[in-house]
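These notes are about the structure you will find just below.
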Amino acid sequence: LYAAEKMGDEAKEDEEANRKAICILDLAEEDEEKNSNTTGDEKATTKTPPLNILQTTKEFVETVNPKTAGLDPKTVCSDELIAYQINLHNGVRYLPAHLDFPLHEGFGKVISTVAVRGSATILLISIDTVRTKNGDEIQPAWRFHLNEGECYVLSDRARNTCLHAVLADDDNRTRESLNLRFGLHTEKEAEEQTTWRRYLVG
C-alpha cells in the first residue's frame with residue numbers, strides 16, 4: 001500500500017499512513033464496524049459502504065453504460081467496486097503527472113474520477129514514445145476539460161500506459177473529486193498489461 005517509487009523508511013511511513021486512512025468494503029455485512037487483522041500491528045476497519053456511495057456507484061454504472069462505452073461490464077459493476085477514494089486539493093492547484101501502480105496503492109483495472117467540486121484540465125501523457133516525420137522522438141499527450149459534475153474513466157491503455165495529471169482552474173483550488181476503483185489486477189496481469197515497472201526504472 002505504499003507508492004512504488006518510495007523506498008526504505010519513506011515507503012514504510014507511506015504504507016502506515018495509507019493503512020490508517022482506509023477501510024475495507026464488506027457488502028455482505030450489516031451496518032457495523034469490526035477490526036480485521038492486517039500485517040504487523042496495524043488494523044484496518046471493515047464496514048459496509050454508506051448508502052450514498054452504493055447509490056452513486058449504481059448511478060455511475062447506469063450512466064456510463066460500460067458495454068456501450070467499450071468497458072468490460074463484468075469489471076465496471078457494483079460487485080467489482082474495490083475502493084472509493086476522496087481526493088481533496090487542499091489549496092494545491094496542480095497534481096503532478098503520475099501512474100497508478102496496480103500492485104501498490106494505485107490498484108484498480110478501471111478507475112473513474114468524478115468531479116464533485118470544481119473543474120479542472122486533465123492531462124494524459126503516454127509513457128511510450130513515437131517518432132515524428134523529422135525523426136524526433138516524442139511522448140504523445142492529450143488534454144481535456146472536466147467540469148464539476150462530470151467524470152472521466154481510465155481503462156486499458158489510458159490507464160495502463162499513460163501518466164495522468166490534474167490542473168485545477170484558477171478559482172477552484174478547493175477542488176474535490178471521488179475515485180471509484182473497479183477490479184483488481186493479478187500479479188501476472190499487472191506485469192503484462194501495465195508499464196509501471198518500466199516507468200520506475202526508466
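Letters A, B, ... go to the chains of the C-alpha cells in the order shown; residues in each chain start at 1; ligands are counted from 1 in the same order.
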
Write out, as JSON lines, each residue of region 102-139 of chain A that has an atom at most 9 Å from region 171-191 of chain A, together with the closest pair of atoms and their distance in Å to one decimal, counting only C-alpha atoms, rows going by chain and rising number.
```
{"residue": "A:Pro102", "atom": "CA", "partner": "A:Ala190", "partner_atom": "CA", "distance": 6.2}
{"residue": "A:Leu103", "atom": "CA", "partner": "A:Ala190", "partner_atom": "CA", "distance": 7.0}
{"residue": "A:Phe107", "atom": "CA", "partner": "A:Leu184", "partner_atom": "CA", "distance": 6.4}
{"residue": "A:Gly108", "atom": "CA", "partner": "A:Arg181", "partner_atom": "CA", "distance": 4.9}
{"residue": "A:Lys109", "atom": "CA", "partner": "A:Gly183", "partner_atom": "CA", "distance": 5.1}
{"residue": "A:Val110", "atom": "CA", "partner": "A:Phe182", "partner_atom": "CA", "distance": 5.2}
{"residue": "A:Ile111", "atom": "CA", "partner": "A:Arg181", "partner_atom": "CA", "distance": 4.7}
{"residue": "A:Ser112", "atom": "CA", "partner": "A:Leu180", "partner_atom": "CA", "distance": 5.2}
{"residue": "A:Thr113", "atom": "CA", "partner": "A:Asn179", "partner_atom": "CA", "distance": 4.5}
{"residue": "A:Val114", "atom": "CA", "partner": "A:Leu178", "partner_atom": "CA", "distance": 5.1}
{"residue": "A:Ala115", "atom": "CA", "partner": "A:Ser177", "partner_atom": "CA", "distance": 4.6}
{"residue": "A:Val116", "atom": "CA", "partner": "A:Ser177", "partner_atom": "CA", "distance": 4.9}
{"residue": "A:Arg117", "atom": "CA", "partner": "A:Glu176", "partner_atom": "CA", "distance": 4.9}
{"residue": "A:Gly118", "atom": "CA", "partner": "A:Arg175", "partner_atom": "CA", "distance": 4.7}
{"residue": "A:Ser119", "atom": "CA", "partner": "A:Asn172", "partner_atom": "CA", "distance": 6.7}
{"residue": "A:Ala120", "atom": "CA", "partner": "A:Asn172", "partner_atom": "CA", "distance": 7.9}
```

Same residues, N, CA, C and O atoms, output as a short mmCIF file (atom, residue, chain, number, x, y, z; two decimals), in the first residue's frame:
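Result saved to result_7.cif:
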```
data_model
loop_
_atom_site.label_atom_id
_atom_site.label_comp_id
_atom_site.auth_asym_id
_atom_site.auth_seq_id
_atom_site.Cartn_x
_atom_site.Cartn_y
_atom_site.Cartn_z
N PRO A 102 -0.59 -0.78 -10.11
CA PRO A 102 -1.64 -1.75 -9.74
C PRO A 102 -1.28 -2.65 -8.58
O PRO A 102 -2.17 -3.15 -7.89
N LEU A 103 -0.01 -2.90 -8.32
CA LEU A 103 0.39 -3.78 -7.23
C LEU A 103 0.74 -3.01 -5.97
O LEU A 103 1.21 -3.59 -4.98
N PHE A 107 -4.29 0.67 -7.20
CA PHE A 107 -4.96 -0.51 -7.73
C PHE A 107 -6.25 -0.15 -8.47
O PHE A 107 -6.73 0.97 -8.40
N GLY A 108 -6.77 -1.15 -9.17
CA GLY A 108 -8.00 -0.96 -9.93
C GLY A 108 -7.76 -1.12 -11.42
O GLY A 108 -6.95 -0.41 -12.00
N LYS A 109 -8.47 -2.06 -12.06
CA LYS A 109 -8.35 -2.24 -13.51
C LYS A 109 -8.97 -1.05 -14.25
O LYS A 109 -8.47 -0.64 -15.30
N VAL A 110 -10.05 -0.56 -13.72
CA VAL A 110 -10.73 0.62 -14.29
C VAL A 110 -10.89 1.64 -13.17
O VAL A 110 -11.37 1.32 -12.09
N ILE A 111 -10.46 2.87 -13.45
CA ILE A 111 -10.52 3.93 -12.44
C ILE A 111 -11.33 5.10 -12.98
O ILE A 111 -11.00 5.65 -14.03
N SER A 112 -12.38 5.46 -12.27
CA SER A 112 -13.19 6.61 -12.68
C SER A 112 -13.04 7.72 -11.66
O SER A 112 -12.99 7.46 -10.45
N THR A 113 -12.96 8.95 -12.13
CA THR A 113 -12.88 10.11 -11.26
C THR A 113 -14.08 11.02 -11.52
O THR A 113 -14.30 11.45 -12.65
N VAL A 114 -14.83 11.28 -10.48
CA VAL A 114 -16.00 12.16 -10.56
C VAL A 114 -15.62 13.51 -9.96
O VAL A 114 -15.11 13.58 -8.84
N ALA A 115 -15.83 14.58 -10.71
CA ALA A 115 -15.55 15.94 -10.21
C ALA A 115 -16.70 16.38 -9.31
O ALA A 115 -17.75 16.80 -9.78
N VAL A 116 -16.49 16.24 -8.01
CA VAL A 116 -17.53 16.57 -7.04
C VAL A 116 -17.65 18.08 -6.86
O VAL A 116 -18.74 18.64 -6.79
N ARG A 117 -16.50 18.76 -6.81
CA ARG A 117 -16.49 20.22 -6.62
C ARG A 117 -15.36 20.82 -7.43
O ARG A 117 -14.22 20.41 -7.32
N GLY A 118 -15.68 21.80 -8.24
CA GLY A 118 -14.66 22.49 -9.03
C GLY A 118 -14.37 21.78 -10.35
O GLY A 118 -14.64 20.60 -10.53
N SER A 119 -13.80 22.52 -11.28
CA SER A 119 -13.44 22.00 -12.59
C SER A 119 -11.93 22.03 -12.77
O SER A 119 -11.21 22.68 -12.02
N ALA A 120 -11.45 21.32 -13.79
CA ALA A 120 -10.00 21.22 -13.98
C ALA A 120 -9.69 20.72 -15.38
O ALA A 120 -10.57 20.22 -16.10
#
```

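Taking CA of Asp100 (chain A) and CA of Cys162 (chain A) as the two end points, the separation is 9.3 Å.
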
Could you pull out the strand (DSSP E) residues of region 56-90 of chain A from DSSP and send them as a PDB file with C-alpha atoms, in the first residue's frame?
```
ATOM      1  CA  LEU A  81     -16.130  -1.847  -6.709  1.00  0.00           C
ATOM      2  CA  ILE A  82     -12.861  -2.348  -4.837  1.00  0.00           C
ATOM      3  CA  ALA A  83     -12.459   1.100  -3.318  1.00  0.00           C
ATOM      4  CA  TYR A  84     -13.828   4.605  -3.244  1.00  0.00           C
ATOM      5  CA  GLN A  85     -11.326   7.369  -2.619  1.00  0.00           C
ATOM      6  CA  ILE A  86     -11.980  11.018  -1.836  1.00  0.00           C
ATOM      7  CA  ASN A  87      -9.380  13.476  -3.174  1.00  0.00           C
ATOM      8  CA  LEU A  88      -9.008  16.971  -1.715  1.00  0.00           C
TER       9      LEU A  88
END
```

Separation of CA of Arg157 (chain A) and CA of His145 (chain A), in Å? 19.8 Å

Quick check for you: according to DSSP on this backbone, which residues of region 39-158 of chain A are classed as helix (DSSP H, G or I)? Reply as a ChimeraX atom specification. /A:51-64,66-69,78-80,156-158

Option closest in space to Ala11 (chain A), from A:Asn147, A:Leu123, A:Asp156, A:His104 [counting only C-alpha atoms]: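 Between A:Asn147, A:Leu123, A:Asp156, A:His104, the residue approaching Ala11 (chain A) most closely is A:His104.
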
What does the distance between CA of Arg93 (chain A) and CA of Leu163 (chain A) come to in Å, to one decimal place? 17.5 Å

Please identify all polymer residues within 8 Å of Ala97 (chain A), counting only C-alpha atoms, omitting same-chain residues fewer than 2 positions from it, and present them as a ChimeraX atom specification. /A:95,99,123,125,163-166

Can you write just those residues out, N, CA, C and O atoms, as a short mmCIF file (atom, residue, chain, number, x, y, z; two decimals), in the first residue's frame?
```
data_model
loop_
_atom_site.label_atom_id
_atom_site.label_comp_id
_atom_site.auth_asym_id
_atom_site.auth_seq_id
_atom_site.Cartn_x
_atom_site.Cartn_y
_atom_site.Cartn_z
N LEU A 95 -1.81 18.69 -9.51
CA LEU A 95 -1.43 17.35 -9.06
C LEU A 95 -0.51 16.76 -10.12
O LEU A 95 -0.93 16.54 -11.27
N LEU A 99 1.57 7.66 -12.54
CA LEU A 99 0.94 6.42 -13.00
C LEU A 99 0.45 5.67 -11.78
O LEU A 99 1.17 5.56 -10.78
N LEU A 123 -4.66 15.99 -17.88
CA LEU A 123 -3.58 15.72 -18.82
C LEU A 123 -3.27 14.23 -18.85
O LEU A 123 -3.18 13.60 -17.80
N ILE A 125 -0.36 11.64 -20.55
CA ILE A 125 0.94 11.62 -21.21
C ILE A 125 1.38 10.18 -21.39
O ILE A 125 1.56 9.44 -20.41
N LEU A 163 0.64 8.44 -18.04
CA LEU A 163 0.63 9.24 -16.83
C LEU A 163 -0.59 10.15 -16.88
O LEU A 163 -1.06 10.52 -17.96
N HIS A 164 -1.13 10.52 -15.73
CA HIS A 164 -2.22 11.49 -15.72
C HIS A 164 -1.94 12.55 -14.66
O HIS A 164 -1.31 12.28 -13.64
N ALA A 165 -2.38 13.75 -14.95
CA ALA A 165 -2.17 14.90 -14.06
C ALA A 165 -3.43 15.75 -14.05
O ALA A 165 -4.27 15.65 -14.95
N VAL A 166 -3.55 16.59 -13.02
CA VAL A 166 -4.74 17.43 -12.88
C VAL A 166 -4.30 18.87 -12.63
O VAL A 166 -3.48 19.14 -11.74
#
```
